[in-house]
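Enquirer: Structure in structure tokens, see below.
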Amino acid sequence: MLTIADKKFTSRLFVGTGKFSSSDIMRQALEASECEMVTVALRRVELDDPGDDIMRAIGGGKFFFLPNTAGARDAVEAVRLARLARAAGGGNWLKLEVTPDPRTLLPDPVETLKAAEELVRDGFVVLPYINADPVLALRLQEAGTAAVMPLGAPIGTNRGLLTRPLLEIIIEQLEVPVVVDAGIGTPSQAAAAMEMGADAVLVNTAIAVAGDPVAMASAFGQAVIAGRRAYEAGLGAIACRAAASSPQTGLEFLR
Amino acid sequence: MKIIVNGEERFLEAEVLVTDYVKSLDLDPETVVVEVDGRIITRQDYQSTLLLDGAEVELIRFIGGGSRC
């Protein structure tokens, strides 16, 4: 069971709701993934074409909504989005994202820490999206964030756990949950993150843009369960020399 | 009178309550957050807040998003 702040989650897969071709496919994929936590963004209503209301598609209590501050370029914008999300009925949980450069969408560590401190003071349960920086992760934990969400690779790149050695340090050092976010492109990469001891992973693009998003969501759900089970089972040690798994005695009759 | 809604000019015959204006756009007041002149209007104040001439209004709501979409 995963506990973040005061809330327990059975599923260790968080799913982002962007980029799906329709709200119907999105809802089916979320159900197939068996996730509980889903991220949503805030945007202006398009007055001439309001489109589907996501709260109507997947509201109703089945999923736990984690509003994000995607689009914020500095701490001031992130805090404003956070307060709007709370007023919109999104509760006081928040995935804090501050990404000044649209080409890389890499998180700004200084502005993220600044916003996190202010939002924690304001009563938010803050889950910050960060680069895989162990020092920053500790600073955010000290600031009172409920988890940290380091990236495996830049958002939407599907390149997997490029930051693996740093993620390992973060996982070893932190007491709050570590959610590997961004860059996970395949179920095997999600499983690898869980085997390393990540508390959860967040996946969006890899599911939403798959040939069959519903089947892919189910594959990710199973991979996360398998990876977690392997971690809890205790992985065998890595060695340089061979170690026979068949007995090396009783071979006298051969020679 | 004229108000600015999400950056666009809109003309109204008279002052209107936030809740009625949101409904007039076929939007659900339960899922839209309203900012007037930079101030967030809490949901319980939708019934008592009037949009006055010149008001700058932002109508915002949740959409699908993992990270930036």
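Following the order of the structure tokens, first chain is A, next is B, and so on, with residues numbered from 1 inside each chain and ligands from 1 in the order they appear.
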Report as a list in words: the residues of range 58-147 of chain A with a DSSP assignment of strand (DSSP E or B), based on the backbone of this structure.
Expert: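 For range 58-147 of chain A, the strand (DSSP E or B) set is Phe64, Phe65, Leu66, Pro67, Asn68, Trp93, Leu94, Lys95, Leu96, Val125, Val126, Leu127, Pro128, Tyr129 and Ile130 of chain A.
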Enquirer: Could you save the residues just selected, with C-alpha atoms, as a short mmCIF file (atom, residue, chain, number, x, y, z; two decimals), in the first residue's frame?
Expert:
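Below you can see result_11.cif, which holds the result:
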data_model
loop_
_atom_site.label_atom_id
_atom_site.label_comp_id
_atom_site.auth_asym_id
_atom_site.auth_seq_id
_atom_site.Cartn_x
_atom_site.Cartn_y
_atom_site.Cartn_z
CA PHE A 64 -8.37 10.82 -7.31
CA PHE A 65 -7.57 14.05 -9.17
CA LEU A 66 -4.11 15.53 -8.95
CA PRO A 67 -4.22 18.98 -10.61
CA ASN A 68 -0.91 20.09 -12.09
CA TRP A 93 -3.27 18.24 -3.67
CA LEU A 94 -1.00 19.58 -6.35
CA LYS A 95 1.55 18.35 -8.83
CA LEU A 96 3.88 21.33 -8.94
CA VAL A 125 -0.10 18.76 -0.40
CA VAL A 126 2.72 19.36 -2.86
CA LEU A 127 4.21 16.78 -5.22
CA PRO A 128 6.92 18.60 -7.18
CA TYR A 129 8.13 17.55 -10.63
CA ILE A 130 11.92 17.86 -10.60
#
Enquirer: Could you give me, as JSON lines, a per-residue list for chain B showing, wherever an atom lies at most 8 Å from an atom of chain A, the closest pair of atoms and their distance in Å to one decimal, using only C-alpha atoms and sorting by chain then residue number from low to high?
Expert:
{"residue": "B:Asn6", "atom": "CA", "partner": "A:Arg44", "partner_atom": "CA", "distance": 6.8}
{"residue": "B:Leu25", "atom": "CA", "partner": "A:Leu47", "partner_atom": "CA", "distance": 7.5}
{"residue": "B:Leu27", "atom": "CA", "partner": "A:Pro50", "partner_atom": "CA", "distance": 7.9}
{"residue": "B:Glu30", "atom": "CA", "partner": "A:Ala88", "partner_atom": "CA", "distance": 7.8}
{"residue": "B:Thr31", "atom": "CA", "partner": "A:Ala88", "partner_atom": "CA", "distance": 6.2}
{"residue": "B:Val32", "atom": "CA", "partner": "A:Ala88", "partner_atom": "CA", "distance": 6.0}
{"residue": "B:Val33", "atom": "CA", "partner": "A:Ala88", "partner_atom": "CA", "distance": 4.7}
{"residue": "B:Ile40", "atom": "CA", "partner": "A:Leu84", "partner_atom": "CA", "distance": 7.1}
{"residue": "B:Ile41", "atom": "CA", "partner": "A:Ala87", "partner_atom": "CA", "distance": 7.9}
{"residue": "B:Thr42", "atom": "CA", "partner": "A:Ala87", "partner_atom": "CA", "distance": 6.1}
{"residue": "B:Arg43", "atom": "CA", "partner": "A:Ala87", "partner_atom": "CA", "distance": 7.4}
{"residue": "B:Glu58", "atom": "CA", "partner": "A:Arg44", "partner_atom": "CA", "distance": 7.1}
{"residue": "B:Leu59", "atom": "CA", "partner": "A:Val45", "partner_atom": "CA", "distance": 5.8}
{"residue": "B:Ile60", "atom": "CA", "partner": "A:Arg44", "partner_atom": "CA", "distance": 4.3}
{"residue": "B:Arg61", "atom": "CA", "partner": "A:Leu42", "partner_atom": "CA", "distance": 5.4}
{"residue": "B:Phe62", "atom": "CA", "partner": "A:Leu42", "partner_atom": "CA", "distance": 4.5}
{"residue": "B:Ile63", "atom": "CA", "partner": "A:Ala41", "partner_atom": "CA", "distance": 5.3}
{"residue": "B:Gly64", "atom": "CA", "partner": "A:Gly18", "partner_atom": "CA", "distance": 4.3}
{"residue": "B:Gly65", "atom": "CA", "partner": "A:Gly18", "partner_atom": "CA", "distance": 3.7}
{"residue": "B:Gly66", "atom": "CA", "partner": "A:Gly16", "partner_atom": "CA", "distance": 3.7}
{"residue": "B:Ser67", "atom": "CA", "partner": "A:Ala70", "partner_atom": "CA", "distance": 5.6}
{"residue": "B:Arg68", "atom": "CA", "partner": "A:Ala70", "partner_atom": "CA", "distance": 5.1}
{"residue": "B:Cys69", "atom": "CA", "partner": "A:Gly18", "partner_atom": "CA", "distance": 5.9}
Enquirer: Taking the backbone alone, and naming residues the way the document does, which bits of range 100-139 of chain A are helix (DSSP H, G or I) by DSSP, as a list in words?
Expert: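 Matching residues, listed in order: Pro109, Val110, Glu111, Thr112, Leu113, Lys114, Ala115, Ala116, Glu117, Glu118, Leu119, Val120, Arg121, Pro134, Val135, Leu136, Ala137, Leu138 and Arg139 of chain A.
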Enquirer: Write a file of the selected residues as a short mmCIF file (atom, residue, chain, number, x, y, z; two decimals), in the first residue's frame, keeping C-alpha atoms.
Expert:
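Writing done, so here's again17.cif:
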data_model
loop_
_atom_site.label_atom_id
_atom_site.label_comp_id
_atom_site.auth_asym_id
_atom_site.auth_seq_id
_atom_site.Cartn_x
_atom_site.Cartn_y
_atom_site.Cartn_z
CA PRO A 109 14.73 23.96 -9.61
CA VAL A 110 14.94 27.44 -8.05
CA GLU A 111 11.38 28.47 -8.92
CA THR A 112 10.05 25.01 -7.99
CA LEU A 113 11.57 25.20 -4.50
CA LYS A 114 10.29 28.75 -4.06
CA ALA A 115 6.75 27.78 -5.11
CA ALA A 116 6.83 24.60 -3.00
CA GLU A 117 7.71 26.55 0.15
CA GLU A 118 4.84 28.99 -0.42
CA LEU A 119 2.29 26.29 -1.29
CA VAL A 120 3.21 24.10 1.70
CA ARG A 121 2.68 27.17 3.93
CA PRO A 134 19.24 14.27 -5.15
CA VAL A 135 20.21 17.54 -3.43
CA LEU A 136 17.09 19.33 -4.65
CA ALA A 137 14.95 16.32 -3.68
CA LEU A 138 16.24 16.58 -0.10
CA ARG A 139 15.67 20.34 -0.03
#
Enquirer: Tell me which of A:Phe63, A:Val214, A:Thr145, A:Thr157 sits closest to Arg103 in chain A, counting only C-alpha atoms.
Expert: A:Thr157
Enquirer: If you count only C-alpha atoms, which residues fall within 12 Å of range 7-15 of chain B, apart from same-chain ones fewer than 2 positions away, as an MDAnalysis selection string?
Expert: (chainID A and resid 44:48) or (chainID B and resid 1:5 17:18 20:21 24:25 37 48:59)
Enquirer: Have a look at CA of Glu175 in chain A and CA of Ala147 in chain A and let me know their distance in Å, one decimal.
Expert: 8.7 Å
Enquirer: Neighbours of Asp133 in chain A within 10 Å (only C-alpha atoms; same-chain residues fewer than 4 positions away dropped), as a PDB file with N, CA and C atoms, in the first residue's frame?
Expert:
ATOM      1  N   PRO A 109      14.594  24.362 -11.022  1.00  0.00           N
ATOM      2  CA  PRO A 109      14.728  23.963  -9.609  1.00  0.00           C
ATOM      3  C   PRO A 109      14.528  25.108  -8.630  1.00  0.00           C
ATOM      4  N   ALA A 137      15.984  17.197  -4.252  1.00  0.00           N
ATOM      5  CA  ALA A 137      14.948  16.324  -3.681  1.00  0.00           C
ATOM      6  C   ALA A 137      14.951  16.436  -2.150  1.00  0.00           C
ATOM      7  N   LEU A 138      16.144  16.434  -1.561  1.00  0.00           N
ATOM      8  CA  LEU A 138      16.235  16.580  -0.102  1.00  0.00           C
ATOM      9  C   LEU A 138      15.748  17.950   0.357  1.00  0.00           C
ATOM     10  N   PRO A 150      10.823  12.930  -9.567  1.00  0.00           N
ATOM     11  CA  PRO A 150      11.950  13.144 -10.471  1.00  0.00           C
ATOM     12  C   PRO A 150      11.694  12.524 -11.846  1.00  0.00           C
ATOM     13  N   LEU A 151      12.303  13.118 -12.859  1.00  0.00           N
ATOM     14  CA  LEU A 151      12.074  12.637 -14.226  1.00  0.00           C
ATOM     15  C   LEU A 151      13.052  11.520 -14.582  1.00  0.00           C
ATOM     16  N   THR A 163      18.104   8.788 -16.244  1.00  0.00           N
ATOM     17  CA  THR A 163      18.677   9.354 -15.015  1.00  0.00           C
ATOM     18  C   THR A 163      18.871   8.285 -13.932  1.00  0.00           C
ATOM     19  N   LEU A 166      20.999   8.587 -10.663  1.00  0.00           N
ATOM     20  CA  LEU A 166      20.545   9.656  -9.771  1.00  0.00           C
ATOM     21  C   LEU A 166      19.228   9.290  -9.099  1.00  0.00           C
ATOM     22  N   LEU A 167      18.371   8.603  -9.853  1.00  0.00           N
ATOM     23  CA  LEU A 167      17.119   8.127  -9.247  1.00  0.00           C
ATOM     24  C   LEU A 167      17.422   7.168  -8.094  1.00  0.00           C
ATOM     25  N   ILE A 169      19.963   7.193  -6.110  1.00  0.00           N
ATOM     26  CA  ILE A 169      20.375   7.966  -4.929  1.00  0.00           C
ATOM     27  C   ILE A 169      19.153   8.606  -4.265  1.00  0.00           C
ATOM     28  N   ILE A 170      18.278   9.181  -5.085  1.00  0.00           N
ATOM     29  CA  ILE A 170      17.075   9.832  -4.531  1.00  0.00           C
ATOM     30  C   ILE A 170      16.241   8.823  -3.751  1.00  0.00           C
TER      31      ILE A 170
END
Enquirer: Rounded to one decimal in Å, what is the spacing between CA of Ala198 in chain A and CA of Asn92 in chain A?
Expert: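 Atom-to-atom, CA of Ala198 in chain A and CA of Asn92 in chain A are spaced 23.8 Å apart.
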Enquirer: Compare A:Gly211, A:Thr249, A:Asn131, A:Ala206 by their minimum atom-to-atom distance to Val180 in chain A, counting only C-alpha atoms, and give me the closest one.
Expert: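 Closest candidate: A:Asn131.
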